[in-house]
Structures are given as structure tokens and as C-alpha cells.
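Peer 1: A single structure is presented below for examination.
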There are 2 protein chains.
Amino acid sequence: MELPSVFARYRVELGEYLRSALPEGSPALLYRMLRYHLGWEDEHGRPLAEGAGKALRPTLCLWACQALGGDWRTALPAAAALELVHNFSLVHDDIQDGDRERRHRPTVWSLWGQPQAINAGDGLLIHSRLAMLRLEERGVAPAKVVEACRVLDKACLTMIEGQCLDIGFEDQREVSVEAYLDMIARKTGALLEASLHLGALVAIDDEPQVGRFARCGHLLGLAFQIRDDILGVWGAADVTGKPVAADIRRRKKSLPVVYAMAVAQAEEREQLLQVYSQGTPGDEEVSIVLQLLDSHRAYDYCQQMAQERIEQALAELAPADIEPEARRELEAVANFLLEREF
Amino acid sequence: MELPSVFARYRVELGEYLRSALPEGSPALLYRMLRYHLGWEDEHGRPLAEGAGKALRPTLCLWACQALGGDWRTALPAAAALELVHNFSLVHDDIQDGDRERRHRPTVWSLWGQPQAINAGDGLLIHSRLAMLRLEERGVAPAKVVEACRVLDKACLTMIEGQCLDIGFEDQREVSVEAYLDMIARKTGALLEASLHLGALVAIDDEPQVGRFARCGHLLGLAFQIRDDILGVWGAADVTGKPVAADIRRRKKSLPVVYAMAVAQAEEREQLLQVYSQGTPGDEEVSIVLQLLDSHRAYDYCQQMAQERIEQALAELAPADIEPEARRELEAVANFLLEREF
């Protein structure tokens with residue numbers, strides 16, 4: 001399962017634009033941390049071949065702009081802003097979760113310490129704002145730039161609220177499927193929603209149409225996160241860059257286990273709750289949890305959930321006036337989100 | 001030394017506006033942390049009499065707007081944004097420094113843990129953006145709203161760069177007075193500069209005049225920080241809310257000690273470097289450092305530095321076309337920054 005071809009169309013210019021949005025700056029350490037996290041440099045400051053991340057959010061933003069007949073290059077500042085916001089959230093998330101590795105590399109905090117990593121995240125967040133304001137340079141009217149900033153800021157706030165909920169789950173014995181879905185709608189749905197919203201906003205002035213793109217993005221975001229949860233349990237370590245059953249080892253209350261807790265019988269439930277209320281589970285406990293998830297077909301449940309959201313996402317854009325080619329591209333992206341292994 | 005009367009003029013409406021910019025929200029924990037940090041609630045969520053902070057930045061912003069003949073209420077969104085950015089920086093700063101107390105109260109991270117406190121800071125930063133965008137509601141033209149966002153974002157970035165430098169100082173054996181001045185210009189100067197800049201920008205369209213206000217704010221910021229460093233060493237604990245000689249106990253390389261290291265003789269310098277390269281200094285070591293600072297008249301040096309910047313700040317506005325009453329108010333604020341005990 002490779003990245004759909006639409007990702008390749010924007011990759012080079014997006015990469016160049018991102019670099020222009022993050023020029024060399026002082027103090028050197030701050031900008032080194034940012035370039036390292038973005039995968040442009042190794043930890044010694046040596047340049048790397050273009051690396052980190054799929055650039056899903058900017059790609060969806062640029063696709064939406066183009067699908068509606070806009071010049072996708074006009075939306076590059078918004079696309080860059082989305083990628084920077086996403087990376088801000090990763091840098092802080094790694095600190096909050098105490099994760100030492102991401103994408104097969106040491107995390108920023110594990111290399112430079114928590115205080116400086118907090119600065120790195122803050123820096124990415126501010127650079128995202130400065131990137132967005134550059135819509136003005138590309139001829140976007142100031143009133144629309146203000147609106148674009150508002151869309152991004154609101155998405156960002158919702159994302160932080162989701163992060164707050166997610167961390168709160170750690171202290172809760174049980175989490176309902178409903179509470180879980182509310183959490184991912186904020187933590188992941190909001191920024192994917194903003195991605196399509198912003199691309200559409202740059203292209204056209206038709207509010208109902210822009211709204212459809214936003215809702216489509218939201219639903220894609222839910223499917224993306226649910227597939228992420230699947231990979232967190234059943235993903236292949238060499239492809240995901242995370243250990244096997246990583247989310248079980250981290251006692252993450254993600255959808256597979258949230259679902260299993262909801263449907264398990266009393267005795268199994270107690271077993272699950274015990275694993276999830278103690279320290280790091282050992283291999284034996286991990287395998288007990290995996291068996292339990294299998295016996296309740298948690299994989300199929302999650303995949304079905306993701307699929308429904310993908311179908312709803314595509315249905316949102318059914319009435320939209322977009323080129324057949326753009327529609328096929330969206331379907332390819334949707335299919336990728338559902339089947340991806342990384 | 002009380003707060004100059006100009007602070008009282010805006011206090012009530014500014015407080016109300018800030019509350020409107022931070023309504024109740026979900027998850028409750030996030031908004032509780034924000035209200036707690038802003039001094040509106042105690043740690044159990046019980047309302048407090050209006051509390052935390054002097055509101056220096058918003059006051060200067062509103063003053064600048066009014067001094068130039070603008071309606072200061074138009075600038076309320078910018079004033080609120082400045083206060084929220086300032087508080088964002090405090091919440092993250094407390095995590096980074098490991099400080100358990102601020103303003104006589106436990107810090108956010110010490111109550112709710114570091115992961116959630118990172119969210120609280122991020123939330124304040126985003127809310128500052130959303131507040132700024134509300135300039136539009138008050139009839140400010142979109143192009144000027146975009147410009148105001150850019151001014152705030154750039155100041156914020158500079159502030160984060162300063163924070164990065166400041167934390168880096170901890171690992172440096174010695175810091176030059178020059179490096180120290182560069183650090184505070186960013187960490188504190190940038191946001192005070194933005195405060196007057198934004199107030200002036202809302203009021204008028206005259207770039208050179210706006211530039212004078214910005215530079216005045218920058219210089220006031222330097223004086224403010226230098227006085228802060230003085231209070232960090234010689235301030236009265238009951239007034240500052242910090243322990244006696246707090247910055248020596250924390251081995252903070254602030255101006256008094258940076259200066260003393262620069263002028264001390266070899267033997268004294270070794271003594272200082274030793275205290276500043278080990279763990280938490282005891283009472284005896286603190287008193288050795290205090291004696292050393294006294295013998296080099298570090299207090300007078302710092303106060304003189306602050307005074308020069310205050311004079312330069314007032315000189316910046318000498319050619320400005322502002323009401324005599326407004327000028328007297330600025331002088332009162334400048335004098336307060338120089339003499340304040342809290």
C-alpha cells in the first residue's frame with residue numbers, strides 16, 4: 001500500500017515552501033530542533049534526504065483547493081501552516097507521553113530535554129501562524145486571511161482540548177466508546193477538517209460548498225485516527241516505527257481496547273482493567289490483551305467503524321461540483337487511509 | 001510605590017473583556033487550569049476577587065491607543081491577546097524552570113502535572129490568537145487585523161527565542177552582559193514592544209509614529225526586566241511572592257550576577273563560578289554571593305542600566321504628538337517600572 005499519487009504532485013513545492021517558512025534563525029538551537037523534528041536534519045545538524053511524515057494535511061488542503069478550480073499554489077501558506085501545527089502537536093505530545101522515539105528517531109525532548117522541547121513546540125505553533133499570514137503575499141484578500149487564521153486557530157484549540165481529554169483518559173478506569181469518539185473528533189478530526197476547509201476557502205467563496213469539504217475532512221480524520229489505533233495494536237513494527245502492540249504496552253485507551261472493555265464479560269473485563277491500571281505490562285499480559293481483542297473481533301469492529309466514516313466522507317462530497325479526476329484522487333486517498341500499514 | 005492611576009482606568013473593562021475571550025469550555029479541566037492561572041479561581045474552582053498580575057502589557061497597549069486619540073475600547077482585543085500571550089509564557093516558563101510557586105500560589109504544573117500544564121499554556125496561546133482576531137468585530141479593517149496578528153506573532157516568536165537563550169544560559173559557565181541584554185531584549189522586550197506597537201497601530205495609520213511607540217515599548221521592556229532582576233535578588237519576599245534572593249538560590253544568571261562575574265577579580269570570580277556550577281546553594285553561599293554583589297555595587301549598576309533605558313524610552317516619544325496628560329501618565333508608568341517593589 002503506497003501513498004496515492006496525489007501526494008507526489010505537491011511534495012517538492014510544499015517542501016520548498018515549508019523551508020522558506022522556516023529560515024535559519026537565532027538561537028541556532030531552536031531552529032536546529034525544528035529542522036530535526038521535521039526530518040530535514042539529523043541530530044548533529046547534517047542534512048537528510050526529505051523525510052518525516054506523509055504530509056497528509058497539507059496534501060488534502062492543496063487537493064481541495066485544486067479540486068474546486070483554485071490555483072493550489074495560492075494555498076501553499078495554509079498547507080505549510082497545517083503541517084507546522086501538526087508537528088507542534090507531535091513535539092508536545094511526545095513530551096506529554098514520555099515517548100522517546102517517533103518515526104524510528106529519538107524525539108526532540110529525549111535529545112534536548114523537556115524545557116527546550118517545549119520551546120520547539122511553541123516555536124512550530126507560532127511559525128504556523130506566520131506561515132498562514134503569508135496568504136496575503138499570494139493575493140488572498142485580507143478578510144479571507146483573517147477567516148483562514150480563525151479556522152486554523154479554532155481547529156488548534158479543539159485539538160488541544162482533545163489532547164487534554166486524551167491525557168485525562170489515563171487516569172480514568174474506563175472510557176466509553178462515545179467519549180473516545182468525542183476525543184478523537186477533537187484531537188485528530190479538527191485539523192483534518194481544517195485542512196479541507198482551508199483549501200476550499202482559498203479556492204471559492206461558496207460557504208455551503210466549503211462546509212461540505214470541512215465535514216468531509218472531519219470524517220476522514222476520524223477514519224485516519226481509527227486506522228492509527230489499529231496500527232498501534234496490530235501494526236508491523238518495521239513499517240510503523242513503533243514497537244509491536246505499542247499502544248497496549250503504553251496502556252493507551254485507544255479504540256480496540258475501549259471497545260473490548262465495553263463488550264467483554266465480567267471476568268475478562270476485570271482482567272483488562274487490571275492490566276490497564278498497573279505499570280508497564282509484560283509480554284504475557286500483552287498477549288492476554290491481544291487474545292481478548294481477537295476473541296471480540298476488535299480489529300473488524302474498528303475497521304468497520306473507519307470504513308463507515310470513509311463512506312460518509314465521500315458521500316459529503318457527492319453533490320460537490322468537482323472534476324472526475326479530483327474525485328478519483330480523493331477516493332484513492334480515502335482508500336489509503338483505510339488500508340494503510342504506516 | 002503603588003500602581004499608577006492609568007492602570008485603574010482600564011482594569012474593570014479589561015477584566016470583563018478577558019473573561020469574554022475565555023468563556024466556559026470543554027473539557028472542564030482545561031478551562032479550570034486557565035481560570036486558575038489567571039487568578040480568577042482557586043484550585044478548587046471557587047471564584048476569587050480579581051487577582052493575578054499587574055496587566056502591564058494590556059494597560060500599555062490601551063494607553064498607547066488612547067494617547068494617539070484612538071478609542072481605547074477598540075484595542076481591547078489586542079490588549080486581551082497580549083495578556084494571554086504573557087500568561088502562556090508564564091505557564092510554560094514555570095514548567096521549564098521547575099518553579100512550584102508564582103504569585104504566592106502553586107503553579108499550574110505543580111497542581112495538575114506537566115502534561116496538562118503544557119496543554120494549559122498551549123491553550124492560552126491559541127486563545128490569544130482568537131482574541132486578536134476579534135479586532136474585526138470592533139470595526140478594525142481586515143488588512144490591519146492581519147498586520148496586528150503579524151506583530152503579535154513576531155513578538156511571540158522572538159519571546160520564545162529569548163526563552164530558548166535563557167534556558168541555554170543554565171548550561172553556560174559564563175554569560176556576558178551583552179549576551180544577557182540580547183536575551184532580555186527578546187524574552188521581555190519583544191512583548192512590551194508589541195504592546196505599544198499594537199495600541200498605536202489600532203489608533204493611527206502613521207508608520208513612523210507607530211514605530212516610535214514600538215521602540216519606546218521595547219526600551220520600557222528592558223527596564224522592566226532589569227528591575228525584575230533586581231527584585232529577584234534584593235526584593236522583599238512578602239511583596240514579590242518569591243523567596244529572598246530567589247534568583248541566587250535558583251542560580252539564575254540574571255544581570256546582577258552576570259555583571260559581577262564580568263567585573264570581579266580572579267579569586268572572586270572563581271568563587272562565583274563555583275556557586276553557579278553546583279547544586280542549590282545554601283544560606284552561606286547565598287550570603288557570599290550577596291556580599292560579592294554589594295562589594296561591586298551591582299545594585300547601583302543595574303538600577304543605572306534600567307534608568308538609562310527609561311530615559312531613552314521617554315525620549316523616543318518626545319517628538320510624538322500626544323496629549324500632555326497622556327505624557328504624564330507614561331512618565332508615571334516609567335517611574336513605576338524603575339522603582340517598583342513588586
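Each chain in the C-alpha cells gets a letter, A, B and so on, in the order shown; residues start at 1 in every chain, and ligands are counted from 1 in the order they appear.
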For Arg9 (chain A), list every protein, DNA or RNA residue within 10 Å, evaluated using only C-alpha atoms, and leave out those in the same chain fewer than 3 positions away; present the list as a list in words.

Peer 2: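 Everything that qualifies: Pro4, Ser5, Val6, Val12, Glu13, Leu14, Thr59, Leu62 and Trp63 of chain A.
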
Peer 1: Select all residues from chain B having any atom no more than 6 Å from an atom of chain A (counting only C-alpha atoms, ignoring ligands), output as a VMD selection string.

Peer 2: chain B and resid 96 115 142 to 143

Peer 1: Could you tell me, as an mmCIF file with N, CA and C atoms, in the first residue's frame, which residues of region 182-250 of chain B DSSP assigns to helix (DSSP H, G or I) when given the backbone?

Peer 2:
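Wrote result01.cif, looks like this:
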```cif
data_model
loop_
_atom_site.group_PDB
_atom_site.id
_atom_site.type_symbol
_atom_site.label_atom_id
_atom_site.label_comp_id
_atom_site.auth_asym_id
_atom_site.auth_seq_id
_atom_site.Cartn_x
_atom_site.Cartn_y
_atom_site.Cartn_z
ATOM 1 N N ASP B 182 20.911 40.859 25.025
ATOM 2 C CA ASP B 182 20.243 40.313 23.834
ATOM 3 C C ASP B 182 19.103 39.384 24.255
ATOM 4 N N MET B 183 19.359 38.575 25.278
ATOM 5 C CA MET B 183 18.337 37.632 25.728
ATOM 6 C C MET B 183 17.098 38.374 26.239
ATOM 7 N N ILE B 184 17.280 39.359 27.114
ATOM 8 C CA ILE B 184 16.089 40.040 27.664
ATOM 9 C C ILE B 184 15.388 40.909 26.622
ATOM 10 N N ALA B 185 16.166 41.389 25.642
ATOM 11 C CA ALA B 185 15.517 42.146 24.561
ATOM 12 C C ALA B 185 14.476 41.269 23.886
ATOM 13 N N ARG B 186 14.786 39.973 23.784
ATOM 14 C CA ARG B 186 13.847 39.060 23.137
ATOM 15 C C ARG B 186 12.796 38.569 24.122
ATOM 16 N N LYS B 187 13.262 38.108 25.265
ATOM 17 C CA LYS B 187 12.346 37.447 26.186
ATOM 18 C C LYS B 187 11.315 38.419 26.753
ATOM 19 N N THR B 188 11.728 39.639 27.031
ATOM 20 C CA THR B 188 10.800 40.599 27.646
ATOM 21 C C THR B 188 10.549 41.802 26.751
ATOM 22 N N GLY B 189 11.610 42.283 26.073
ATOM 23 C CA GLY B 189 11.462 43.493 25.259
ATOM 24 C C GLY B 189 10.438 43.339 24.153
ATOM 25 N N ALA B 190 10.420 42.168 23.516
ATOM 26 C CA ALA B 190 9.586 41.992 22.323
ATOM 27 C C ALA B 190 8.092 42.165 22.626
ATOM 28 N N LEU B 191 7.630 41.630 23.738
ATOM 29 C CA LEU B 191 6.189 41.688 24.010
ATOM 30 C C LEU B 191 5.767 43.078 24.508
ATOM 31 N N LEU B 192 6.659 43.764 25.244
ATOM 32 C CA LEU B 192 6.357 45.143 25.641
ATOM 33 C C LEU B 192 6.366 46.046 24.407
ATOM 34 N N GLU B 193 7.292 45.762 23.503
ATOM 35 C CA GLU B 193 7.329 46.500 22.237
ATOM 36 C C GLU B 193 6.011 46.305 21.489
ATOM 37 N N ALA B 194 5.564 45.060 21.412
ATOM 38 C CA ALA B 194 4.308 44.767 20.714
ATOM 39 C C ALA B 194 3.133 45.467 21.392
ATOM 40 N N SER B 195 3.210 45.641 22.702
ATOM 41 C CA SER B 195 2.091 46.243 23.431
ATOM 42 C C SER B 195 1.843 47.674 22.961
ATOM 43 N N LEU B 196 2.908 48.478 22.926
ATOM 44 C CA LEU B 196 2.724 49.852 22.464
ATOM 45 C C LEU B 196 2.497 49.885 20.957
ATOM 46 N N HIS B 197 3.179 49.009 20.257
ATOM 47 C CA HIS B 197 3.017 48.918 18.805
ATOM 48 C C HIS B 197 1.543 48.694 18.449
ATOM 49 N N LEU B 198 0.931 47.711 19.091
ATOM 50 C CA LEU B 198 -0.451 47.347 18.756
ATOM 51 C C LEU B 198 -1.436 48.447 19.135
ATOM 52 N N GLY B 199 -1.230 49.049 20.291
ATOM 53 C CA GLY B 199 -2.117 50.144 20.689
ATOM 54 C C GLY B 199 -2.064 51.283 19.685
ATOM 55 N N ALA B 200 -0.835 51.612 19.256
ATOM 56 C CA ALA B 200 -0.665 52.699 18.289
ATOM 57 C C ALA B 200 -1.238 52.312 16.930
ATOM 58 N N LEU B 201 -1.008 51.071 16.541
ATOM 59 C CA LEU B 201 -1.488 50.586 15.236
ATOM 60 C C LEU B 201 -3.013 50.674 15.131
ATOM 61 N N VAL B 202 -3.688 50.344 16.204
ATOM 62 C CA VAL B 202 -5.150 50.415 16.194
ATOM 63 C C VAL B 202 -5.606 51.871 16.054
ATOM 64 N N ALA B 203 -4.847 52.791 16.666
ATOM 65 C CA ALA B 203 -5.279 54.194 16.708
ATOM 66 C C ALA B 203 -5.027 54.952 15.408
ATOM 67 N N GLU B 207 2.983 55.264 10.033
ATOM 68 C CA GLU B 207 4.012 54.267 10.350
ATOM 69 C C GLU B 207 5.170 54.773 11.210
ATOM 70 N N PRO B 208 5.758 55.931 10.866
ATOM 71 C CA PRO B 208 6.881 56.392 11.694
ATOM 72 C C PRO B 208 6.467 56.615 13.154
ATOM 73 N N GLN B 209 5.272 57.144 13.331
ATOM 74 C CA GLN B 209 4.761 57.374 14.682
ATOM 75 C C GLN B 209 4.566 56.030 15.425
ATOM 76 N N VAL B 210 3.972 55.073 14.733
ATOM 77 C CA VAL B 210 3.776 53.742 15.323
ATOM 78 C C VAL B 210 5.133 53.149 15.702
ATOM 79 N N GLY B 211 6.112 53.340 14.833
ATOM 80 C CA GLY B 211 7.461 52.832 15.096
ATOM 81 C C GLY B 211 8.062 53.424 16.359
ATOM 82 N N ARG B 212 7.809 54.721 16.600
ATOM 83 C CA ARG B 212 8.314 55.359 17.825
ATOM 84 C C ARG B 212 7.709 54.706 19.067
ATOM 85 N N PHE B 213 6.414 54.441 19.009
ATOM 86 C CA PHE B 213 5.759 53.782 20.142
ATOM 87 C C PHE B 213 6.344 52.383 20.366
ATOM 88 N N ALA B 214 6.576 51.671 19.260
ATOM 89 C CA ALA B 214 7.142 50.321 19.384
ATOM 90 C C ALA B 214 8.500 50.382 20.071
ATOM 91 N N ARG B 215 9.357 51.302 19.621
ATOM 92 C CA ARG B 215 10.697 51.391 20.218
ATOM 93 C C ARG B 215 10.625 51.807 21.680
ATOM 94 N N CYS B 216 9.707 52.711 21.980
ATOM 95 C CA CYS B 216 9.511 53.110 23.377
ATOM 96 C C CYS B 216 9.149 51.878 24.216
ATOM 97 N N GLY B 217 8.241 51.067 23.700
ATOM 98 C CA GLY B 217 7.823 49.863 24.426
ATOM 99 C C GLY B 217 8.980 48.906 24.644
ATOM 100 N N HIS B 218 9.810 48.764 23.613
ATOM 101 C CA HIS B 218 10.965 47.873 23.720
ATOM 102 C C HIS B 218 11.875 48.309 24.872
ATOM 103 N N LEU B 219 12.145 49.602 24.928
ATOM 104 C CA LEU B 219 13.046 50.117 25.974
ATOM 105 C C LEU B 219 12.410 49.991 27.357
ATOM 106 N N LEU B 220 11.111 50.249 27.446
ATOM 107 C CA LEU B 220 10.423 50.044 28.725
ATOM 108 C C LEU B 220 10.547 48.579 29.155
ATOM 109 N N GLY B 221 10.471 47.684 28.177
ATOM 110 C CA GLY B 221 10.574 46.254 28.482
ATOM 111 C C GLY B 221 11.928 45.892 29.072
ATOM 112 N N LEU B 222 12.990 46.488 28.509
ATOM 113 C CA LEU B 222 14.326 46.220 29.036
ATOM 114 C C LEU B 222 14.428 46.708 30.481
ATOM 115 N N ALA B 223 13.936 47.923 30.711
ATOM 116 C CA ALA B 223 13.989 48.473 32.072
ATOM 117 C C ALA B 223 13.161 47.607 33.024
ATOM 118 N N PHE B 224 12.000 47.181 32.564
ATOM 119 C CA PHE B 224 11.138 46.325 33.381
ATOM 120 C C PHE B 224 11.872 45.053 33.788
ATOM 121 N N GLN B 225 12.551 44.429 32.820
ATOM 122 C CA GLN B 225 13.231 43.163 33.111
ATOM 123 C C GLN B 225 14.419 43.366 34.038
ATOM 124 N N ILE B 226 15.136 44.464 33.832
ATOM 125 C CA ILE B 226 16.300 44.711 34.689
ATOM 126 C C ILE B 226 15.835 44.943 36.132
ATOM 127 N N ARG B 227 14.752 45.717 36.283
ATOM 128 C CA ARG B 227 14.202 45.902 37.630
ATOM 129 C C ARG B 227 13.735 44.551 38.190
ATOM 130 N N ASP B 228 13.201 43.702 37.339
ATOM 131 C CA ASP B 228 12.771 42.366 37.769
ATOM 132 C C ASP B 228 13.959 41.568 38.300
ATOM 133 N N ASP B 229 15.085 41.702 37.611
ATOM 134 C CA ASP B 229 16.298 41.009 38.054
ATOM 135 C C ASP B 229 16.752 41.544 39.409
ATOM 136 N N ILE B 230 16.634 42.853 39.593
ATOM 137 C CA ILE B 230 16.987 43.457 40.888
ATOM 138 C C ILE B 230 16.103 42.863 41.985
ATOM 139 N N LEU B 231 14.798 42.816 41.723
ATOM 140 C CA LEU B 231 13.863 42.286 42.721
ATOM 141 C C LEU B 231 14.105 40.795 42.964
ATOM 142 N N GLY B 232 14.604 40.097 41.944
ATOM 143 C CA GLY B 232 14.891 38.669 42.102
ATOM 144 C C GLY B 232 16.025 38.419 43.082
ATOM 145 N N VAL B 233 16.853 39.439 43.303
ATOM 146 C CA VAL B 233 17.958 39.297 44.255
ATOM 147 C C VAL B 233 17.655 40.035 45.567
ATOM 148 N N TRP B 234 17.186 41.283 45.427
ATOM 149 C CA TRP B 234 17.053 42.120 46.625
ATOM 150 C C TRP B 234 15.597 42.408 47.019
ATOM 151 N N ALA B 237 10.504 39.397 50.115
ATOM 152 C CA ALA B 237 9.758 38.181 49.790
ATOM 153 C C ALA B 237 8.253 38.381 49.905
ATOM 154 N N ASP B 238 7.812 39.124 50.921
ATOM 155 C CA ASP B 238 6.365 39.262 51.124
ATOM 156 C C ASP B 238 5.713 40.070 50.008
ATOM 157 N N VAL B 239 6.485 40.915 49.344
ATOM 158 C CA VAL B 239 5.913 41.743 48.278
ATOM 159 C C VAL B 239 6.036 41.069 46.909
ATOM 160 N N THR B 240 7.194 40.455 46.635
ATOM 161 C CA THR B 240 7.401 39.872 45.305
ATOM 162 C C THR B 240 6.719 38.510 45.165
ATOM 163 N N ALA B 246 15.823 34.919 45.634
ATOM 164 C CA ALA B 246 15.298 33.774 44.884
ATOM 165 C C ALA B 246 16.176 33.417 43.691
ATOM 166 N N ASP B 247 16.608 34.417 42.943
ATOM 167 C CA ASP B 247 17.358 34.135 41.721
ATOM 168 C C ASP B 247 18.754 33.606 42.005
ATOM 169 N N ILE B 248 19.286 33.909 43.201
ATOM 170 C CA ILE B 248 20.584 33.323 43.558
ATOM 171 C C ILE B 248 20.370 31.858 43.918
ATOM 172 N N ARG B 249 19.316 31.596 44.685
ATOM 173 C CA ARG B 249 19.021 30.202 45.064
ATOM 174 C C ARG B 249 18.764 29.332 43.830
#
```

Peer 1: Compile the contact shell of Met1 (chain B) as number ranges by chain: residues with an atom at most 10 Å away, counting only C-alpha atoms, same-chain residues fewer than 5 positions apart removed.

Peer 2: B: 335-336, 339-342

Peer 1: Just the residues within 9 Å of Glu170 (chain B), please, counting only C-alpha atoms, with nothing from its chain fewer than 6 positions along; format it as a list in words.

Peer 2: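 Near neighbours after the sequence-gap exclusion: Arg251, Lys252, Lys253, Tyr276 and Ser277 of chain B.
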